[in-house]
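Okay, protein.pdb now, which holds PDB, C-alpha atoms, pLDDT in the B column:
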```pdb
ATOM      1  CA  MET A   1     166.137 135.498 104.141  1.00 46.00           C
ATOM      2  CA  SER A   2     162.479 136.421 104.734  1.00 65.00           C
ATOM      3  CA  GLY A   3     163.001 139.569 102.664  1.00 67.00           C
ATOM      4  CA  GLU A   4     164.036 137.451  99.692  1.00 74.00           C
ATOM      5  CA  LYS A   5     160.949 135.262 100.059  1.00 72.00           C
ATOM      6  CA  ALA A   6     158.722 138.333 100.333  1.00 67.00           C
ATOM      7  CA  SER A   7     160.368 139.829  97.266  1.00 77.00           C
ATOM      8  CA  ALA A   8     159.811 136.631  95.279  1.00 85.00           C
ATOM      9  CA  ALA A   9     156.176 136.484  96.396  1.00 85.00           C
ATOM     10  CA  GLY A  10     155.664 140.130  95.497  1.00 87.00           C
ATOM     11  CA  GLU A  11     157.231 139.624  92.073  1.00 92.00           C
ATOM     12  CA  ALA A  12     154.977 136.632  91.450  1.00 93.00           C
ATOM     13  CA  LEU A  13     151.916 138.680  92.408  1.00 92.00           C
ATOM     14  CA  LEU A  14     152.962 141.509  90.092  1.00 92.00           C
ATOM     15  CA  ARG A  15     153.449 139.067  87.202  1.00 94.00           C
ATOM     16  CA  ARG A  16     150.037 137.565  87.935  1.00 94.00           C
ATOM     17  CA  MET A  17     148.436 141.014  87.926  1.00 92.00           C
ATOM     18  CA  GLN A  18     150.060 141.780  84.569  1.00 93.00           C
ATOM     19  CA  ARG A  19     148.716 138.527  83.127  1.00 93.00           C
ATOM     20  CA  LEU A  20     145.239 139.303  84.469  1.00 92.00           C
ATOM     21  CA  LEU A  21     145.306 142.790  82.960  1.00 90.00           C
ATOM     22  CA  ALA A  22     146.412 141.364  79.617  1.00 90.00           C
ATOM     23  CA  ARG A  23     143.548 138.880  79.800  1.00 89.00           C
ATOM     24  CA  ALA A  24     141.137 141.705  80.626  1.00 86.00           C
ATOM     25  CA  THR A  25     142.005 143.532  77.398  1.00 86.00           C
ATOM     26  CA  THR A  26     141.064 140.490  75.320  1.00 86.00           C
ATOM     27  CA  LEU A  27     137.855 139.660  77.179  1.00 81.00           C
ATOM     28  CA  LYS A  28     134.554 140.283  75.443  1.00 76.00           C
ATOM     29  CA  GLY A  29     132.097 142.429  77.381  1.00 73.00           C
ATOM     30  CA  ARG A  30     129.251 139.963  76.916  1.00 77.00           C
ATOM     31  CA  ASP A  31     130.997 137.048  78.646  1.00 82.00           C
ATOM     32  CA  ARG A  32     129.681 137.747  82.140  1.00 85.00           C
ATOM     33  CA  LYS A  33     130.985 134.576  83.838  1.00 88.00           C
ATOM     34  CA  GLN A  34     134.562 135.125  82.697  1.00 88.00           C
ATOM     35  CA  LEU A  35     134.349 138.794  83.587  1.00 88.00           C
ATOM     36  CA  LEU A  36     133.201 137.998  87.128  1.00 90.00           C
ATOM     37  CA  ALA A  37     135.945 135.384  87.522  1.00 91.00           C
ATOM     38  CA  LEU A  38     138.508 137.884  86.260  1.00 92.00           C
ATOM     39  CA  LEU A  39     137.288 140.541  88.696  1.00 92.00           C
ATOM     40  CA  ASP A  40     137.578 138.053  91.547  1.00 95.00           C
ATOM     41  CA  ASP A  41     141.120 137.104  90.494  1.00 95.00           C
ATOM     42  CA  VAL A  42     142.147 140.756  90.234  1.00 94.00           C
ATOM     43  CA  GLU A  43     140.730 141.526  93.688  1.00 95.00           C
ATOM     44  CA  THR A  44     142.472 138.513  95.245  1.00 95.00           C
ATOM     45  CA  THR A  45     145.772 139.524  93.657  1.00 95.00           C
ATOM     46  CA  ARG A  46     145.289 143.136  94.765  1.00 95.00           C
ATOM     47  CA  ARG A  47     144.766 142.009  98.369  1.00 95.00           C
ATOM     48  CA  GLY A  48     147.923 139.906  98.181  1.00 94.00           C
ATOM     49  CA  LEU A  49     149.898 142.886  96.895  1.00 94.00           C
ATOM     50  CA  LEU A  50     148.545 145.064  99.697  1.00 94.00           C
ATOM     51  CA  GLN A  51     149.682 142.472 102.245  1.00 94.00           C
ATOM     52  CA  GLU A  52     153.157 142.419 100.681  1.00 92.00           C
ATOM     53  CA  CYS A  53     153.277 146.223 100.836  1.00 93.00           C
ATOM     54  CA  ALA A  54     152.346 146.153 104.520  1.00 94.00           C
ATOM     55  CA  ALA A  55     155.047 143.556 105.221  1.00 91.00           C
ATOM     56  CA  ILE A  56     157.675 145.649 103.426  1.00 91.00           C
ATOM     57  CA  GLU A  57     156.573 148.760 105.315  1.00 94.00           C
ATOM     58  CA  SER A  58     156.928 146.881 108.599  1.00 94.00           C
ATOM     59  CA  GLU A  59     160.438 145.708 107.663  1.00 94.00           C
ATOM     60  CA  MET A  60     161.415 149.266 106.763  1.00 95.00           C
ATOM     61  CA  ARG A  61     160.104 150.535 110.104  1.00 97.00           C
ATOM     62  CA  GLN A  62     162.135 147.883 111.941  1.00 97.00           C
ATOM     63  CA  ALA A  63     165.259 148.808 109.991  1.00 96.00           C
ATOM     64  CA  THR A  64     164.772 152.478 110.872  1.00 97.00           C
ATOM     65  CA  VAL A  65     164.404 151.647 114.566  1.00 96.00           C
ATOM     66  CA  ARG A  66     167.535 149.481 114.448  1.00 96.00           C
ATOM     67  CA  ALA A  67     169.516 152.220 112.723  1.00 96.00           C
ATOM     68  CA  SER A  68     168.396 154.734 115.352  1.00 95.00           C
ATOM     69  CA  ALA A  69     169.374 152.350 118.153  1.00 95.00           C
ATOM     70  CA  ILE A  70     172.794 151.756 116.603  1.00 95.00           C
ATOM     71  CA  GLY A  71     173.322 155.520 116.286  1.00 93.00           C
ATOM     72  CA  ALA A  72     172.343 156.076 119.920  1.00 92.00           C
ATOM     73  CA  TYR A  73     174.675 153.288 121.044  1.00 92.00           C
ATOM     74  CA  LEU A  74     177.520 154.799 119.013  1.00 91.00           C
ATOM     75  CA  ARG A  75     176.965 158.291 120.433  1.00 88.00           C
ATOM     76  CA  ASN A  76     176.809 156.911 123.963  1.00 88.00           C
ATOM     77  CA  SER A  77     180.024 154.931 123.549  1.00 86.00           C
ATOM     78  CA  GLN A  78     181.844 157.985 122.177  1.00 82.00           C
ATOM     79  CA  VAL A  79     180.677 160.162 125.073  1.00 80.00           C
ATOM     80  CA  GLN A  80     181.895 157.576 127.580  1.00 78.00           C
ATOM     81  CA  ARG A  81     185.327 157.616 125.965  1.00 77.00           C
ATOM     82  CA  GLY A  82     185.499 161.400 126.123  1.00 72.00           C
ATOM     83  CA  LYS A  83     184.854 162.020 122.412  1.00 64.00           C
ATOM     84  CA  ARG A  84     181.964 164.370 121.867  1.00 59.00           C
ATOM     85  CA  HIS A  85     180.708 164.248 118.282  1.00 57.00           C
ATOM     86  CA  ASN A  86     177.320 165.300 116.985  1.00 56.00           C
TER
END
```

Turn this file's structure into structure tokens for me.
Amino acid sequence: MSGEKASAAGEALLRRMQRLLARATTLKGRDRKQLLALLDDVETTRRGLLQECAAIESEMRQATVRASAIGAYLRNSQVQRGKRHN
């Protein structure tokens, strides 16, 4: 369930970044206040995306550890029953 929430949050951040980039293409170079606000919004969104990436990486690491543990448990149970498979 948390993966679905993270995915939805990540998708929302990506859509926001796309909107900000579209806004950046239409912004006049002389409008300093809007440019600074846009830069701040882009940086905030970038940080959010980096946090989502770190969360996904952590989930992937946990899944890898679980898969390794399941494999070790399976090999151990087969050895105890006299079946030796690699």

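Using all atoms listed in the file, the protein and nucleic acid residues lying no more than 12 Å from A:Gly48, apart from those fewer than 3 places from it along its own chain, are Ala6, Ala9, Gly10, Glu11, Ala12, Leu13, Leu14, Arg16, Met17, Asp41, Val42, Glu43, Thr44, Thr45, Gln51, Glu52, Cys53, Ala54 and Ala55 of chain A.
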
Open item on the list: Counting all atoms listed in the file, which residue out of A:Leu20, A:Leu49, A:Ile70, A:Leu27 sits closest to A:Ala8?
Closed with: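 The shortest atom-to-atom distance to A:Ala8 comes from A:Leu49.
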
TODO: For a cut-off of 12 Å around (142.1, 140.0, 79.5), file coordinates, pick out all residues using only C-alpha atoms and list them as JSON, numbers by chain.
DONE: {"A": [16, 17, 18, 19, 20, 21, 22, 23, 24, 25, 26, 27, 28, 29, 31, 34, 35, 36, 37, 38, 39, 41, 42]}

Could stretch 48-80 of chain A be completed with N, CA and C atoms and returned as a PDB file, in the coordinates of the input?
```
ATOM      1  N   GLY A  48     146.598 140.476  97.934  1.00 94.00           N
ATOM      2  CA  GLY A  48     147.923 139.906  98.181  1.00 94.00           C
ATOM      3  C   GLY A  48     149.018 140.951  98.067  1.00 94.00           C
ATOM      4  N   LEU A  49     148.911 141.813  97.059  1.00 94.00           N
ATOM      5  CA  LEU A  49     149.898 142.886  96.895  1.00 94.00           C
ATOM      6  C   LEU A  49     149.852 143.868  98.054  1.00 94.00           C
ATOM      7  N   LEU A  50     148.661 144.169  98.540  1.00 94.00           N
ATOM      8  CA  LEU A  50     148.545 145.064  99.697  1.00 94.00           C
ATOM      9  C   LEU A  50     149.190 144.449 100.939  1.00 94.00           C
ATOM     10  N   GLN A  51     149.040 143.144 101.110  1.00 94.00           N
ATOM     11  CA  GLN A  51     149.682 142.472 102.245  1.00 94.00           C
ATOM     12  C   GLN A  51     151.196 142.527 102.120  1.00 94.00           C
ATOM     13  N   GLU A  52     151.709 142.327 100.905  1.00 92.00           N
ATOM     14  CA  GLU A  52     153.157 142.419 100.681  1.00 92.00           C
ATOM     15  C   GLU A  52     153.655 143.826 100.972  1.00 92.00           C
ATOM     16  N   CYS A  53     152.897 144.830 100.563  1.00 93.00           N
ATOM     17  CA  CYS A  53     153.277 146.223 100.836  1.00 93.00           C
ATOM     18  C   CYS A  53     153.338 146.482 102.334  1.00 93.00           C
ATOM     19  N   ALA A  54     152.361 145.970 103.066  1.00 94.00           N
ATOM     20  CA  ALA A  54     152.346 146.153 104.520  1.00 94.00           C
ATOM     21  C   ALA A  54     153.539 145.463 105.164  1.00 94.00           C
ATOM     22  N   ALA A  55     153.893 144.276 104.673  1.00 91.00           N
ATOM     23  CA  ALA A  55     155.047 143.556 105.221  1.00 91.00           C
ATOM     24  C   ALA A  55     156.341 144.324 104.959  1.00 91.00           C
ATOM     25  N   ILE A  56     156.475 144.874 103.774  1.00 91.00           N
ATOM     26  CA  ILE A  56     157.675 145.649 103.426  1.00 91.00           C
ATOM     27  C   ILE A  56     157.747 146.915 104.279  1.00 91.00           C
ATOM     28  N   GLU A  57     156.608 147.560 104.471  1.00 94.00           N
ATOM     29  CA  GLU A  57     156.573 148.760 105.315  1.00 94.00           C
ATOM     30  C   GLU A  57     156.988 148.435 106.745  1.00 94.00           C
ATOM     31  N   SER A  58     156.557 147.307 107.255  1.00 94.00           N
ATOM     32  CA  SER A  58     156.928 146.881 108.599  1.00 94.00           C
ATOM     33  C   SER A  58     158.435 146.623 108.693  1.00 94.00           C
ATOM     34  N   GLU A  59     158.993 145.958 107.678  1.00 94.00           N
ATOM     35  CA  GLU A  59     160.438 145.708 107.663  1.00 94.00           C
ATOM     36  C   GLU A  59     161.223 147.006 107.614  1.00 94.00           C
ATOM     37  N   MET A  60     160.732 147.976 106.844  1.00 95.00           N
ATOM     38  CA  MET A  60     161.415 149.266 106.763  1.00 95.00           C
ATOM     39  C   MET A  60     161.371 149.994 108.104  1.00 95.00           C
ATOM     40  N   ARG A  61     160.220 149.914 108.780  1.00 97.00           N
ATOM     41  CA  ARG A  61     160.104 150.535 110.104  1.00 97.00           C
ATOM     42  C   ARG A  61     161.096 149.903 111.074  1.00 97.00           C
ATOM     43  N   GLN A  62     161.193 148.575 111.050  1.00 97.00           N
ATOM     44  CA  GLN A  62     162.135 147.883 111.941  1.00 97.00           C
ATOM     45  C   GLN A  62     163.566 148.285 111.640  1.00 97.00           C
ATOM     46  N   ALA A  63     163.904 148.408 110.363  1.00 96.00           N
ATOM     47  CA  ALA A  63     165.259 148.808 109.991  1.00 96.00           C
ATOM     48  C   ALA A  63     165.568 150.221 110.468  1.00 96.00           C
ATOM     49  N   THR A  64     164.583 151.110 110.397  1.00 97.00           N
ATOM     50  CA  THR A  64     164.772 152.478 110.872  1.00 97.00           C
ATOM     51  C   THR A  64     165.006 152.506 112.378  1.00 97.00           C
ATOM     52  N   VAL A  65     164.238 151.714 113.108  1.00 96.00           N
ATOM     53  CA  VAL A  65     164.404 151.647 114.566  1.00 96.00           C
ATOM     54  C   VAL A  65     165.781 151.092 114.908  1.00 96.00           C
ATOM     55  N   ARG A  66     166.202 150.060 114.195  1.00 96.00           N
ATOM     56  CA  ARG A  66     167.535 149.481 114.448  1.00 96.00           C
ATOM     57  C   ARG A  66     168.636 150.491 114.163  1.00 96.00           C
ATOM     58  N   ALA A  67     168.502 151.217 113.058  1.00 96.00           N
ATOM     59  CA  ALA A  67     169.516 152.220 112.723  1.00 96.00           C
ATOM     60  C   ALA A  67     169.566 153.311 113.786  1.00 96.00           C
ATOM     61  N   SER A  68     168.426 153.720 114.287  1.00 95.00           N
ATOM     62  CA  SER A  68     168.396 154.734 115.352  1.00 95.00           C
ATOM     63  C   SER A  68     169.050 154.200 116.621  1.00 95.00           C
ATOM     64  N   ALA A  69     168.781 152.950 116.953  1.00 95.00           N
ATOM     65  CA  ALA A  69     169.374 152.350 118.153  1.00 95.00           C
ATOM     66  C   ALA A  69     170.889 152.230 118.010  1.00 95.00           C
ATOM     67  N   ILE A  70     171.346 151.862 116.834  1.00 95.00           N
ATOM     68  CA  ILE A  70     172.794 151.756 116.603  1.00 95.00           C
ATOM     69  C   ILE A  70     173.446 153.131 116.727  1.00 95.00           C
ATOM     70  N   GLY A  71     172.800 154.154 116.179  1.00 93.00           N
ATOM     71  CA  GLY A  71     173.322 155.520 116.286  1.00 93.00           C
ATOM     72  C   GLY A  71     173.393 155.988 117.728  1.00 93.00           C
ATOM     73  N   ALA A  72     172.356 155.687 118.503  1.00 92.00           N
ATOM     74  CA  ALA A  72     172.343 156.076 119.920  1.00 92.00           C
ATOM     75  C   ALA A  72     173.439 155.342 120.685  1.00 92.00           C
ATOM     76  N   TYR A  73     173.619 154.069 120.391  1.00 92.00           N
ATOM     77  CA  TYR A  73     174.675 153.288 121.044  1.00 92.00           C
ATOM     78  C   TYR A  73     176.045 153.863 120.703  1.00 92.00           C
ATOM     79  N   LEU A  74     176.244 154.227 119.446  1.00 91.00           N
ATOM     80  CA  LEU A  74     177.520 154.799 119.013  1.00 91.00           C
ATOM     81  C   LEU A  74     177.789 156.129 119.713  1.00 91.00           C
ATOM     82  N   ARG A  75     176.782 156.998 119.758  1.00 88.00           N
ATOM     83  CA  ARG A  75     176.965 158.291 120.433  1.00 88.00           C
ATOM     84  C   ARG A  75     177.278 158.095 121.912  1.00 88.00           C
ATOM     85  N   ASN A  76     176.588 157.172 122.550  1.00 88.00           N
ATOM     86  CA  ASN A  76     176.809 156.911 123.963  1.00 88.00           C
ATOM     87  C   ASN A  76     178.223 156.379 124.205  1.00 88.00           C
ATOM     88  N   SER A  77     178.684 155.492 123.347  1.00 86.00           N
ATOM     89  CA  SER A  77     180.024 154.931 123.549  1.00 86.00           C
ATOM     90  C   SER A  77     181.099 155.989 123.328  1.00 86.00           C
ATOM     91  N   GLN A  78     180.874 156.915 122.409  1.00 82.00           N
ATOM     92  CA  GLN A  78     181.844 157.985 122.177  1.00 82.00           C
ATOM     93  C   GLN A  78     181.876 158.957 123.343  1.00 82.00           C
ATOM     94  N   VAL A  79     180.743 159.253 123.924  1.00 80.00           N
ATOM     95  CA  VAL A  79     180.677 160.162 125.073  1.00 80.00           C
ATOM     96  C   VAL A  79     181.410 159.536 126.255  1.00 80.00           C
ATOM     97  N   GLN A  80     181.241 158.243 126.457  1.00 78.00           N
ATOM     98  CA  GLN A  80     181.895 157.576 127.580  1.00 78.00           C
ATOM     99  C   GLN A  80     183.408 157.561 127.424  1.00 78.00           C
TER     100      GLN A  80
END
```
